[in-house]
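Some notes on the structure that comes next.
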Amino acid sequence: MERYKNLGGNSSVVAYEIGPGEITVKFSDGWHYLYSTQSTSPLNIQEMQRLATQGLGLNSFIGRVVRKGFVRKWR
């Protein structure tokens with residue numbers, strides 16, 4: 001996984017991994033969430049991938065737009 005840059009300084013996202021049509025996000029509480037085009041729109045996945053790479057706004061986007069649109073979660 002890639003370490004999330006957290007340029008805003010207050011994100012609970014700590015790492016991410018991008019795959020074709022999907023993104024796995026690891027949060028500071030140890031939970032991993034897999035989001036894919038099967039659980040949310042392809043545009044949302046593209047935006048999440050962009051925000052993850054940028055290092056800013058991913059946690060906020062998930063909370064505002066994607067919410068519970070994940071395939072699965074695990075620790």
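Labels used: A, B, ... for chains in the order of the structure tokens, numbers from 1 for residues in each chain, and numbers from 1 for ligands as shown.
For Phe70 of chain A, the residues within 7 Å (counting only C-alpha atoms, excluding itself and residues fewer than 6 positions away along the chain) are Tyr33, Leu34, Tyr35, Ser36 and Ser39 of chain A.
The protein and nucleic acid residues lying at most 12 Å from Trp31 of chain A are Ser12, Val13, Val14, Ala15, Tyr16, Thr24, Val25, Lys26, Phe27, Arg72, Lys73, Trp74 and Arg75 of chain A, with only C-alpha atoms considered and sequence neighbours fewer than 4 positions away removed.
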| task | Find the residues around Leu56 of chain A up to 12 Å (only C-alpha atoms counted), leave out those fewer than 6 positions away in its own chain, and share them as number ranges by chain. | result | A: 4-14, 47-50, 62
For N, CA and C atoms, I'd like the residues from the last selection saved as a CSV table (one decimal), in the first residue's frame.
chain,number,residue,atom,x,y,z
A,4,TYR,N,-0.7,7.5,2.5
A,4,TYR,CA,-1.4,8.7,2.1
A,4,TYR,C,-0.7,9.9,2.6
A,5,LYS,N,-0.5,10.9,1.7
A,5,LYS,CA,0.2,12.1,2.1
A,5,LYS,C,-0.4,13.0,3.2
A,6,ASN,N,-1.8,13.0,3.2
A,6,ASN,CA,-2.5,13.7,4.2
A,6,ASN,C,-2.1,15.2,4.3
A,7,LEU,N,-2.1,15.8,3.2
A,7,LEU,CA,-1.6,17.2,3.1
A,7,LEU,C,-2.5,18.2,3.9
A,8,GLY,N,-3.7,17.8,4.2
A,8,GLY,CA,-4.6,18.7,5.0
A,8,GLY,C,-4.3,18.5,6.5
A,9,GLY,N,-3.6,17.4,6.9
A,9,GLY,CA,-3.2,17.2,8.2
A,9,GLY,C,-4.2,16.6,9.2
A,10,ASN,N,-5.5,16.4,8.7
A,10,ASN,CA,-6.5,15.9,9.6
A,10,ASN,C,-7.3,14.7,9.1
A,11,SER,N,-6.7,13.9,8.2
A,11,SER,CA,-7.4,12.8,7.6
A,11,SER,C,-7.2,11.5,8.4
A,12,SER,N,-8.2,10.7,8.4
A,12,SER,CA,-8.1,9.4,9.1
A,12,SER,C,-7.6,8.3,8.1
A,13,VAL,N,-7.4,8.7,6.8
A,13,VAL,CA,-6.8,7.8,5.8
A,13,VAL,C,-5.3,7.7,6.1
A,14,VAL,N,-4.8,6.5,6.1
A,14,VAL,CA,-3.3,6.4,6.3
A,14,VAL,C,-2.6,5.8,5.1
A,47,GLU,N,-12.4,9.5,-9.0
A,47,GLU,CA,-12.2,10.6,-8.2
A,47,GLU,C,-11.4,10.2,-6.9
A,48,MET,N,-11.8,9.1,-6.3
A,48,MET,CA,-11.1,8.6,-5.1
A,48,MET,C,-9.6,8.3,-5.5
A,49,GLN,N,-9.4,7.7,-6.6
A,49,GLN,CA,-8.0,7.4,-7.0
A,49,GLN,C,-7.2,8.7,-7.2
A,50,ARG,N,-7.8,9.7,-7.8
A,50,ARG,CA,-7.2,11.0,-8.0
A,50,ARG,C,-6.9,11.6,-6.7
A,62,ILE,N,-15.1,10.4,0.7
A,62,ILE,CA,-15.7,9.2,1.1
A,62,ILE,C,-16.9,9.5,2.0
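Closest approach to Pro20 of chain A among A:Gln54, A:His32, A:Glu2, A:Pro42 is made by A:Pro42 (distances from only C-alpha atoms).
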| said: Run DSSP on the backbone and tell me which residues of chain A come out as strand (DSSP E or B); list them as an MDAnalysis selection string. | reply: chainID A and resid 2:3 13:19 22:27 32:36 72:74
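Taking atom CA of Val66 of chain A and atom CA of Ile45 of chain A as the two end points, the separation is 9.1 Å.
Nearest-residue note for Asn59 of chain A: choosing from A:Ser28, A:Glu17, A:Met1, A:Thr37, the minimum distance belongs to A:Ser28, counting only C-alpha atoms.
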| helix (DSSP H, G or I) per DSSP on the backbone: members of chain A, as a PyMOL selection string | chain A and resi 42-54+58-66
Written selection (C-alpha atoms) as a PDB file, in the first residue's frame:
ATOM      1  CA  PRO A  42     -16.849   4.478 -11.937  1.00  0.00           C
ATOM      2  CA  LEU A  43     -16.650   8.279 -11.639  1.00  0.00           C
ATOM      3  CA  ASN A  44     -16.473   7.988  -7.853  1.00  0.00           C
ATOM      4  CA  ILE A  45     -13.677   5.433  -8.113  1.00  0.00           C
ATOM      5  CA  GLN A  46     -11.756   7.676 -10.508  1.00  0.00           C
ATOM      6  CA  GLU A  47     -12.160  10.625  -8.156  1.00  0.00           C
ATOM      7  CA  MET A  48     -11.073   8.581  -5.142  1.00  0.00           C
ATOM      8  CA  GLN A  49      -7.994   7.404  -7.036  1.00  0.00           C
ATOM      9  CA  ARG A  50      -7.181  10.981  -8.008  1.00  0.00           C
ATOM     10  CA  LEU A  51      -7.629  12.274  -4.454  1.00  0.00           C
ATOM     11  CA  ALA A  52      -5.556   9.419  -3.012  1.00  0.00           C
ATOM     12  CA  THR A  53      -2.686  10.166  -5.383  1.00  0.00           C
ATOM     13  CA  GLN A  54      -2.990  13.882  -4.667  1.00  0.00           C
ATOM     14  CA  LEU A  58     -10.047  11.509   0.150  1.00  0.00           C
ATOM     15  CA  ASN A  59     -11.534  11.081   3.629  1.00  0.00           C
ATOM     16  CA  SER A  60     -13.923  13.973   3.055  1.00  0.00           C
ATOM     17  CA  PHE A  61     -15.034  12.633  -0.343  1.00  0.00           C
ATOM     18  CA  ILE A  62     -15.717   9.192   1.115  1.00  0.00           C
ATOM     19  CA  GLY A  63     -17.747  10.716   3.940  1.00  0.00           C
ATOM     20  CA  ARG A  64     -19.735  13.074   1.733  1.00  0.00           C
ATOM     21  CA  VAL A  65     -20.276  11.041  -1.445  1.00  0.00           C
ATOM     22  CA  VAL A  66     -19.377   7.359  -1.263  1.00  0.00           C
TER      23      VAL A  66
END
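Candidate residues A:Gly55, A:Gln38, A:Gly21, A:Arg3 were compared for distance to Val71 of chain A, and the nearest is A:Gln38, using only C-alpha atoms.
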